[in-house]
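K.L.:
What follows is upload_6.pdb; its format and atoms are PDB, N, CA and C atoms.
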ATOM      1  N   MET A  19      76.040 139.403 162.248
ATOM      2  CA  MET A  19      76.139 138.730 160.968
ATOM      3  C   MET A  19      77.447 139.073 160.249
ATOM      4  N   SER A  20      77.868 140.334 160.388
ATOM      5  CA  SER A  20      79.108 140.722 159.713
ATOM      6  C   SER A  20      80.309 140.019 160.337
ATOM      7  N   THR A  21      80.228 139.665 161.624
ATOM      8  CA  THR A  21      81.308 138.926 162.275
ATOM      9  C   THR A  21      81.478 137.557 161.634
ATOM     10  N   PHE A  22      80.360 136.946 161.270
ATOM     11  CA  PHE A  22      80.401 135.647 160.600
ATOM     12  C   PHE A  22      81.164 135.749 159.281
ATOM     13  N   PHE A  23      80.847 136.785 158.492
ATOM     14  CA  PHE A  23      81.502 136.937 157.198
ATOM     15  C   PHE A  23      82.982 137.297 157.349
ATOM     16  N   GLU A  24      83.303 138.082 158.353
ATOM     17  CA  GLU A  24      84.703 138.412 158.605
ATOM     18  C   GLU A  24      85.481 137.154 158.988
ATOM     19  N   GLY A  25      84.872 136.328 159.833
ATOM     20  CA  GLY A  25      85.518 135.073 160.227
ATOM     21  C   GLY A  25      85.688 134.135 159.044
ATOM     22  N   ALA A  26      84.664 134.063 158.196
ATOM     23  CA  ALA A  26      84.746 133.202 157.011
ATOM     24  C   ALA A  26      85.813 133.709 156.061
ATOM     25  N   GLY A  27      85.903 135.028 155.917
ATOM     26  CA  GLY A  27      86.927 135.604 155.046
ATOM     27  C   GLY A  27      88.316 135.329 155.573
ATOM     28  N   SER A  28      88.479 135.457 156.874
ATOM     29  CA  SER A  28      89.775 135.170 157.498
ATOM     30  C   SER A  28      90.155 133.700 157.317
ATOM     31  N   PHE A  29      89.177 132.829 157.527
ATOM     32  CA  PHE A  29      89.422 131.393 157.351
ATOM     33  C   PHE A  29      89.792 131.084 155.899
ATOM     34  N   GLY A  30      89.110 131.724 154.953
ATOM     35  CA  GLY A  30      89.417 131.519 153.534
ATOM     36  C   GLY A  30      90.823 131.972 153.185
ATOM     37  N   THR A  31      91.220 133.107 153.749
ATOM     38  CA  THR A  31      92.573 133.619 153.503
ATOM     39  C   THR A  31      93.615 132.664 154.070
ATOM     40  N   GLU A  32      93.385 132.180 155.293
ATOM     41  CA  GLU A  32      94.319 131.231 155.906
ATOM     42  C   GLU A  32      94.386 129.941 155.093
ATOM     43  N   PHE A  33      93.238 129.505 154.601
ATOM     44  CA  PHE A  33      93.202 128.281 153.792
ATOM     45  C   PHE A  33      94.004 128.469 152.508
ATOM     46  N   LEU A  34      93.845 129.610 151.877
ATOM     47  CA  LEU A  34      94.578 129.887 150.639
ATOM     48  C   LEU A  34      96.082 129.947 150.899
ATOM     49  N   GLU A  35      96.488 130.618 151.969
ATOM     50  CA  GLU A  35      97.916 130.690 152.310
ATOM     51  C   GLU A  35      98.471 129.302 152.614
ATOM     52  N   SER A  36      97.682 128.501 153.312
ATOM     53  CA  SER A  36      98.117 127.130 153.605
ATOM     54  C   SER A  36      98.266 126.326 152.322
ATOM     55  N   GLY A  37      97.372 126.549 151.390
ATOM     56  CA  GLY A  37      97.457 125.863 150.098
ATOM     57  C   GLY A  37      98.733 126.212 149.356
ATOM     58  N   PHE A  38      99.100 127.485 149.384
ATOM     59  CA  PHE A  38     100.341 127.905 148.725
ATOM     60  C   PHE A  38     101.565 127.283 149.393
ATOM     61  N   LYS A  39     101.561 127.258 150.738
ATOM     62  CA  LYS A  39     102.676 126.644 151.456
ATOM     63  C   LYS A  39     102.763 125.151 151.142
ATOM     64  N   SER A  40     101.611 124.507 151.091
ATOM     65  CA  SER A  40     101.568 123.073 150.792
ATOM     66  C   SER A  40     102.079 122.799 149.381
ATOM     67  N   ALA A  41     101.660 123.611 148.418
ATOM     68  CA  ALA A  41     102.109 123.424 147.037
ATOM     69  C   ALA A  41     103.614 123.628 146.916
ATOM     70  N   SER A  42     104.131 124.598 147.636
ATOM     71  CA  SER A  42     105.579 124.835 147.622
ATOM     72  C   SER A  42     106.317 123.634 148.193
ATOM     73  N   SER A  43     105.794 123.097 149.282
ATOM     74  CA  SER A  43     106.401 121.914 149.905
ATOM     75  C   SER A  43     106.368 120.724 148.956
ATOM     76  N   LEU A  44     105.239 120.548 148.268
ATOM     77  CA  LEU A  44     105.124 119.445 147.314
ATOM     78  C   LEU A  44     106.139 119.576 146.186
ATOM     79  N   GLY A  45     106.336 120.793 145.728
ATOM     80  CA  GLY A  45     107.298 121.014 144.649
ATOM     81  C   GLY A  45     108.715 120.658 145.045
ATOM     82  N   SER A  46     109.123 121.100 146.222
ATOM     83  CA  SER A  46     110.491 120.798 146.653
ATOM     84  C   SER A  46     110.653 119.311 146.956
ATOM     85  N   SER A  47     109.610 118.676 147.515
ATOM     86  CA  SER A  47     109.683 117.234 147.780
ATOM     87  C   SER A  47     109.749 116.446 146.476
ATOM     88  N   ALA A  48     108.955 116.850 145.502
ATOM     89  CA  ALA A  48     108.976 116.165 144.203
ATOM     90  C   ALA A  48     110.339 116.298 143.537
ATOM     91  N   GLN A  49     110.961 117.441 143.702
ATOM     92  CA  GLN A  49     112.297 117.644 143.143
ATOM     93  C   GLN A  49     113.301 116.708 143.814
ATOM     94  N   GLY A  50     113.204 116.542 145.113
ATOM     95  CA  GLY A  50     114.087 115.628 145.833
ATOM     96  C   GLY A  50     113.883 114.184 145.405
ATOM     97  N   ILE A  51     112.620 113.802 145.198
ATOM     98  CA  ILE A  51     112.317 112.440 144.741
ATOM     99  C   ILE A  51     112.865 112.227 143.344
ATOM    100  N   ALA A  52     112.696 113.202 142.473
ATOM    101  CA  ALA A  52     113.216 113.083 141.112
ATOM    102  C   ALA A  52     114.738 112.938 141.109
ATOM    103  N   GLN A  53     115.408 113.677 141.980
ATOM    104  CA  GLN A  53     116.870 113.576 142.074
ATOM    105  C   GLN A  53     117.283 112.200 142.569
ATOM    106  N   GLU A  54     116.550 111.670 143.550
ATOM    107  CA  GLU A  54     116.850 110.335 144.080
ATOM    108  C   GLU A  54     116.676 109.273 142.999
ATOM    109  N   VAL A  55     115.618 109.380 142.213
ATOM    110  CA  VAL A  55     115.379 108.417 141.133
ATOM    111  C   VAL A  55     116.468 108.536 140.076
ATOM    112  N   ALA A  56     116.869 109.759 139.749
ATOM    113  CA  ALA A  56     117.939 109.955 138.760
ATOM    114  C   ALA A  56     119.256 109.353 139.250
ATOM    115  N   ASP A  57     119.560 109.549 140.527
ATOM    116  CA  ASP A  57     120.792 108.983 141.084
ATOM    117  C   ASP A  57     120.756 107.457 141.046
ATOM    118  N   TYR A  58     119.625 106.884 141.414
ATOM    119  CA  TYR A  58     119.498 105.418 141.392
ATOM    120  C   TYR A  58     119.609 104.882 139.963
ATOM    121  N   THR A  59     118.979 105.569 139.036
ATOM    122  CA  THR A  59     119.033 105.140 137.629
ATOM    123  C   THR A  59     120.461 105.162 137.112
ATOM    124  N   ARG A  60     121.181 106.235 137.427
ATOM    125  CA  ARG A  60     122.579 106.339 137.000
ATOM    126  C   ARG A  60     123.408 105.210 137.599
ATOM    127  N   SER A  61     123.217 104.963 138.880
ATOM    128  CA  SER A  61     123.961 103.906 139.569
ATOM    129  C   SER A  61     123.632 102.530 138.991
ATOM    130  N   ALA A  62     122.351 102.275 138.739
ATOM    131  CA  ALA A  62     121.945 100.983 138.185
ATOM    132  C   ALA A  62     122.516 100.795 136.779
ATOM    133  N   PHE A  63     122.545 101.856 135.988
ATOM    134  CA  PHE A  63     123.108 101.766 134.641
ATOM    135  C   PHE A  63     124.603 101.474 134.695
ATOM    136  N   GLU A  64     125.313 102.152 135.590
ATOM    137  CA  GLU A  64     126.757 101.919 135.720
ATOM    138  C   GLU A  64     127.040 100.493 136.176
ATOM    139  N   THR A  65     126.259 100.001 137.117
ATOM    140  CA  THR A  65     126.434  98.631 137.603
ATOM    141  C   THR A  65     126.144  97.630 136.481
ATOM    142  N   GLY A  66     125.084  97.871 135.737
ATOM    143  CA  GLY A  66     124.741  96.988 134.624
ATOM    144  C   GLY A  66     125.805  96.993 133.536
ATOM    145  N   SER A  67     126.341  98.159 133.238
ATOM    146  CA  SER A  67     127.399  98.260 132.230
ATOM    147  C   SER A  67     128.658  97.521 132.666
ATOM    148  N   ALA A  68     129.024  97.684 133.933
ATOM    149  CA  ALA A  68     130.204  96.996 134.454
ATOM    150  C   ALA A  68     129.995  95.480 134.418
ATOM    151  N   THR A  69     128.798  95.051 134.737
ATOM    152  CA  THR A  69     128.497  93.612 134.704
ATOM    153  C   THR A  69     128.560  93.082 133.277
ATOM    154  N   PHE A  70     128.060  93.851 132.328
ATOM    155  CA  PHE A  70     128.116  93.425 130.933
ATOM    156  C   PHE A  70     129.562  93.269 130.476
ATOM    157  N   GLU A  71     130.414  94.191 130.886
ATOM    158  CA  GLU A  71     131.830  94.085 130.532
ATOM    159  C   GLU A  71     132.459  92.836 131.144
ATOM    160  N   LYS A  72     132.111  92.556 132.402
ATOM    161  CA  LYS A  72     132.619  91.344 133.044
ATOM    162  C   LYS A  72     132.117  90.096 132.322
ATOM    163  N   LEU A  73     130.849  90.095 131.934
ATOM    164  CA  LEU A  73     130.299  88.937 131.213
ATOM    165  C   LEU A  73     131.003  88.737 129.876
ATOM    166  N   PHE A  74     131.278  89.827 129.204
ATOM    167  CA  PHE A  74     131.937  89.756 127.909
ATOM    168  C   PHE A  74     133.351  89.190 128.048
ATOM    169  N   ALA A  75     133.995  89.461 129.184
ATOM    170  CA  ALA A  75     135.361  89.002 129.413
ATOM    171  C   ALA A  75     135.423  87.638 130.110
ATOM    172  N   ALA A  76     134.280  87.061 130.434
ATOM    173  CA  ALA A  76     134.261  85.778 131.164
ATOM    174  C   ALA A  76     134.895  84.685 130.309
ATOM    175  N   ASN A  77     135.675  83.809 130.965
ATOM    176  CA  ASN A  77     136.395  82.745 130.267
ATOM    177  C   ASN A  77     135.569  81.471 130.122
ATOM    178  N   SER A  78     134.564  81.317 130.946
ATOM    179  CA  SER A  78     133.787  80.078 130.899
ATOM    180  C   SER A  78     132.323  80.373 131.211
ATOM    181  N   LEU A  79     131.500  79.388 130.946
ATOM    182  CA  LEU A  79     130.077  79.508 131.229
ATOM    183  C   LEU A  79     129.834  79.628 132.732
ATOM    184  N   GLU A  80     130.597  78.880 133.519
ATOM    185  CA  GLU A  80     130.448  78.932 134.977
ATOM    186  C   GLU A  80     130.759  80.334 135.501
ATOM    187  N   ALA A  81     131.826  80.940 134.976
ATOM    188  CA  ALA A  81     132.185  82.294 135.404
ATOM    189  C   ALA A  81     131.088  83.283 135.028
ATOM    190  N   ALA A  82     130.526  83.119 133.838
ATOM    191  CA  ALA A  82     129.444  83.997 133.392
ATOM    192  C   ALA A  82     128.214  83.849 134.292
ATOM    193  N   ILE A  83     127.914  82.609 134.674
ATOM    194  CA  ILE A  83     126.766  82.375 135.552
ATOM    195  C   ILE A  83     127.002  83.001 136.924
ATOM    196  N   GLU A  84     128.213  82.893 137.436
ATOM    197  CA  GLU A  84     128.545  83.504 138.729
ATOM    198  C   GLU A  84     128.421  85.031 138.660
ATOM    199  N   ILE A  85     128.911  85.599 137.574
ATOM    200  CA  ILE A  85     128.835  87.051 137.398
ATOM    201  C   ILE A  85     127.366  87.483 137.337
ATOM    202  N   GLN A  86     126.559  86.755 136.575
ATOM    203  CA  GLN A  86     125.145  87.090 136.441
ATOM    204  C   GLN A  86     124.408  86.932 137.775
ATOM    205  N   ALA A  87     124.720  85.889 138.512
ATOM    206  CA  ALA A  87     124.071  85.668 139.812
ATOM    207  C   ALA A  87     124.434  86.787 140.792
ATOM    208  N   ALA A  88     125.695  87.187 140.797
ATOM    209  CA  ALA A  88     126.123  88.274 141.685
ATOM    210  C   ALA A  88     125.422  89.580 141.310
ATOM    211  N   TYR A  89     125.297  89.805 140.002
ATOM    212  CA  TYR A  89     124.603  91.007 139.543
ATOM    213  C   TYR A  89     123.129  90.976 139.949
ATOM    214  N   ALA A  90     122.481  89.852 139.774
ATOM    215  CA  ALA A  90     121.069  89.743 140.128
ATOM    216  C   ALA A  90     120.863  90.017 141.618
ATOM    217  N   LYS A  91     121.742  89.477 142.438
ATOM    218  CA  LYS A  91     121.642  89.691 143.887
ATOM    219  C   LYS A  91     121.842  91.172 144.218
ATOM    220  N   THR A  92     122.857  91.773 143.639
ATOM    221  CA  THR A  92     123.146  93.185 143.889
ATOM    222  C   THR A  92     122.005  94.076 143.393
ATOM    223  N   ALA A  93     121.491  93.774 142.210
ATOM    224  CA  ALA A  93     120.408  94.575 141.650
ATOM    225  C   ALA A  93     119.147  94.468 142.512
ATOM    226  N   TYR A  94     118.840  93.279 142.979
ATOM    227  CA  TYR A  94     117.663  93.080 143.824
ATOM    228  C   TYR A  94     117.807  93.839 145.144
ATOM    229  N   GLU A  95     118.963  93.702 145.780
ATOM    230  CA  GLU A  95     119.188  94.396 147.050
ATOM    231  C   GLU A  95     119.129  95.909 146.870
ATOM    232  N   GLY A  96     119.686  96.382 145.761
ATOM    233  CA  GLY A  96     119.640  97.815 145.475
ATOM    234  C   GLY A  96     118.223  98.307 145.250
ATOM    235  N   LEU A  97     117.430  97.512 144.548
ATOM    236  CA  LEU A  97     116.041  97.890 144.292
ATOM    237  C   LEU A  97     115.240  97.926 145.586
ATOM    238  N   VAL A  98     115.435  96.952 146.445
ATOM    239  CA  VAL A  98     114.727  96.925 147.725
ATOM    240  C   VAL A  98     115.119  98.139 148.570
ATOM    241  N   ALA A  99     116.401  98.460 148.609
ATOM    242  CA  ALA A  99     116.859  99.618 149.378
ATOM    243  C   ALA A  99     116.290 100.914 148.806
ATOM    244  N   GLU A 100     116.290 101.029 147.496
ATOM    245  CA  GLU A 100     115.779 102.239 146.857
ATOM    246  C   GLU A 100     114.277 102.384 147.072
ATOM    247  N   THR A 101     113.561 101.283 147.034
ATOM    248  CA  THR A 101     112.123 101.318 147.283
ATOM    249  C   THR A 101     111.844 101.815 148.699
ATOM    250  N   GLY A 102     112.650 101.374 149.660
ATOM    251  CA  GLY A 102     112.511 101.864 151.033
ATOM    252  C   GLY A 102     112.765 103.360 151.139
ATOM    253  N   LYS A 103     113.817 103.827 150.454
ATOM    254  CA  LYS A 103     114.122 105.258 150.475
ATOM    255  C   LYS A 103     112.975 106.068 149.874
ATOM    256  N   LEU A 104     112.487 105.602 148.729
ATOM    257  CA  LEU A 104     111.422 106.341 148.044
ATOM    258  C   LEU A 104     110.131 106.348 148.855
ATOM    259  N   SER A 105     109.810 105.241 149.493
ATOM    260  CA  SER A 105     108.586 105.231 150.296
ATOM    261  C   SER A 105     108.710 106.213 151.458
ATOM    262  N   GLY A 106     109.890 106.320 152.042
ATOM    263  CA  GLY A 106     110.118 107.306 153.090
ATOM    264  C   GLY A 106     110.001 108.729 152.570
ATOM    265  N   LEU A 107     110.539 108.977 151.389
ATOM    266  CA  LEU A 107     110.441 110.315 150.799
ATOM    267  C   LEU A 107     108.994 110.682 150.490
ATOM    268  N   TYR A 108     108.221 109.719 149.976
ATOM    269  CA  TYR A 108     106.809 109.983 149.697
ATOM    270  C   TYR A 108     106.025 110.219 150.987
ATOM    271  N   ALA A 109     106.332 109.480 152.045
ATOM    272  CA  ALA A 109     105.656 109.693 153.330
ATOM    273  C   ALA A 109     105.989 111.079 153.882
ATOM    274  N   ASP A 110     107.261 111.460 153.782
ATOM    275  CA  ASP A 110     107.658 112.799 154.237
ATOM    276  C   ASP A 110     106.976 113.886 153.413
ATOM    277  N   MET A 111     106.835 113.644 152.123
ATOM    278  CA  MET A 111     106.175 114.608 151.253
ATOM    279  C   MET A 111     104.724 114.807 151.687
ATOM    280  N   ALA A 112     104.035 113.723 151.995
ATOM    281  CA  ALA A 112     102.641 113.822 152.432
ATOM    282  C   ALA A 112     102.535 114.569 153.761
ATOM    283  N   LYS A 113     103.439 114.274 154.693
ATOM    284  CA  LYS A 113     103.421 114.953 155.993
ATOM    285  C   LYS A 113     103.683 116.446 155.827
ATOM    286  N   ASP A 114     104.671 116.779 155.000
ATOM    287  CA  ASP A 114     105.010 118.189 154.793
ATOM    288  C   ASP A 114     103.885 118.942 154.079
ATOM    289  N   ALA A 115     103.199 118.266 153.168
ATOM    290  CA  ALA A 115     102.096 118.911 152.455
ATOM    291  C   ALA A 115     100.908 119.152 153.384
ATOM    292  N   TYR A 116     100.729 118.298 154.385
ATOM    293  CA  TYR A 116      99.604 118.444 155.308
ATOM    294  C   TYR A 116      99.882 119.458 156.412
ATOM    295  N   LYS A 117     101.152 119.650 156.756
ATOM    296  CA  LYS A 117     101.521 120.513 157.885
ATOM    297  C   LYS A 117     100.850 121.891 157.866
ATOM    298  N   PRO A 118     100.836 122.603 156.727
ATOM    299  CA  PRO A 118     100.217 123.928 156.735
ATOM    300  C   PRO A 118      98.724 123.897 157.083
ATOM    301  N   PHE A 119      98.062 122.777 156.889
ATOM    302  CA  PHE A 119      96.629 122.686 157.141
ATOM    303  C   PHE A 119      96.289 122.232 158.557
ATOM    304  N   GLU A 120      97.284 121.841 159.346
ATOM    305  CA  GLU A 120      97.012 121.323 160.684
ATOM    306  C   GLU A 120      96.270 122.326 161.549
ATOM    307  N   GLY A 121      96.707 123.568 161.521
ATOM    308  CA  GLY A 121      96.052 124.596 162.320
ATOM    309  C   GLY A 121      94.628 124.852 161.885
ATOM    310  N   LEU A 122      94.393 124.809 160.586
ATOM    311  CA  LEU A 122      93.045 125.032 160.069
ATOM    312  C   LEU A 122      92.108 123.892 160.468
ATOM    313  N   VAL A 123      92.625 122.674 160.437
ATOM    314  CA  VAL A 123      91.802 121.522 160.819
ATOM    315  C   VAL A 123      91.424 121.633 162.295
ATOM    316  N   ALA A 124      92.367 122.068 163.111
ATOM    317  CA  ALA A 124      92.088 122.228 164.541
ATOM    318  C   ALA A 124      91.037 123.316 164.776
ATOM    319  N   LYS A 125      91.112 124.402 164.007
ATOM    320  CA  LYS A 125      90.125 125.480 164.145
ATOM    321  C   LYS A 125      88.740 125.035 163.679
ATOM    322  N   ALA A 126      88.698 124.193 162.656
ATOM    323  CA  ALA A 126      87.415 123.773 162.093
ATOM    324  C   ALA A 126      86.657 122.852 163.051
ATOM    325  N   ARG A 127      87.350 122.211 163.945
ATOM    326  CA  ARG A 127      86.686 121.291 164.882
ATOM    327  C   ARG A 127      86.003 122.064 165.901
TER     328      ARG A 127
END
Do you think you could lay out the structure here as structure tokens?

P.N.:
Amino acid sequence: MSTFFEGAGSFGTEFLESGFKSASSLGSSAQGIAQEVADYTRSAFETGSATFEKLFAANSLEAAIEIQAAYAKTAYEGLVAETGKLSGLYADMAKDAYKPFEGLVAKAR
């Protein structure tokens, strides 16, 4: 009977250590995601500001429409690319958070 409790205690300790490793991984992944979002936000703001300056300097309505259309295309493509990057970062975060528990799941089976 004492072997059962020793095994349960060992499993609990391993589970707790895995939890700490997982939490650490989540923290560093979240920091990377936050940095990526900040970089994208800065880039989008700079692009928008530059476009506004171009619109303000446009000589005709046609030129303004061309500038706006180019901006819309660039902004859309940038958003799609950023969404792809972020989805990859979130998938990596989930994989890294699960990694410490892989051994425990195998033992539990």

K.L.:
Using the chain letters and numbers from the file, which residues does the PyMOL selection byres ((chain A and resi 40) around 8) grab, as JSON, numbers by chain?

P.N.:
{"A": [34, 35, 36, 37, 38, 39, 41, 42, 43, 44, 45, 46, 114, 115, 116, 117, 118, 119]}

K.L.:
As an exercise, work out the distance from atom N of Gln49 of chain A to atom N of Gly96 of chain A in Å and give it to one decimal place.

P.N.:
22.9 Å

K.L.:
So, counting all atoms listed in the file, which residue among A:Met111, A:Ala62, A:Val55, A:Ala76 is closest to Ala93 of chain A?

P.N.:
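Nearest to Ala93 of chain A: A:Ala62.
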
K.L.:
Would you compute the distance between atom CA of Leu97 of chain A and atom CA of Ala56 of chain A? Give it in Å to one decimal.

P.N.:
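A separation of 13.4 Å between them.
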
K.L.:
Hey, which of A:Tyr89, A:Tyr94, A:Glu100, A:Tyr108 ends up closest to Thr59 of chain A? Count only C-alpha atoms.

P.N.:
A:Glu100

K.L.:
Check the smallest atom-to-atom distance from each of A:Glu71, A:Glu80, A:Gln86, A:Leu104 to Tyr58 of chain A using only C-alpha atoms, then report the winner.

P.N.:
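Of the candidates, the smallest distance to Tyr58 of chain A is held by A:Leu104.
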
K.L.:
Using only C-alpha atoms, which of the listed residues (A:Ile51, A:Ala88, A:Val98, A:Ala112) sits closest to Thr69 of chain A?

P.N.:
A:Ala88

K.L.:
Would you pick out the contacts of Ile85 of chain A at 12 Å or less, using only C-alpha atoms, so that residues sharing its chain but fewer than 5 positions from it are not included, and give the list as a VMD selection string?

P.N.:
chain A and resid 65 to 66 68 to 80 90 to 92

K.L.:
Have a look at atom C of Glu95 of chain A and atom C of Asp57 of chain A and let me know their distance in Å, one decimal.

P.N.:
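Straight-line distance from atom C of Glu95 of chain A to atom C of Asp57 of chain A works out to 13.0 Å.
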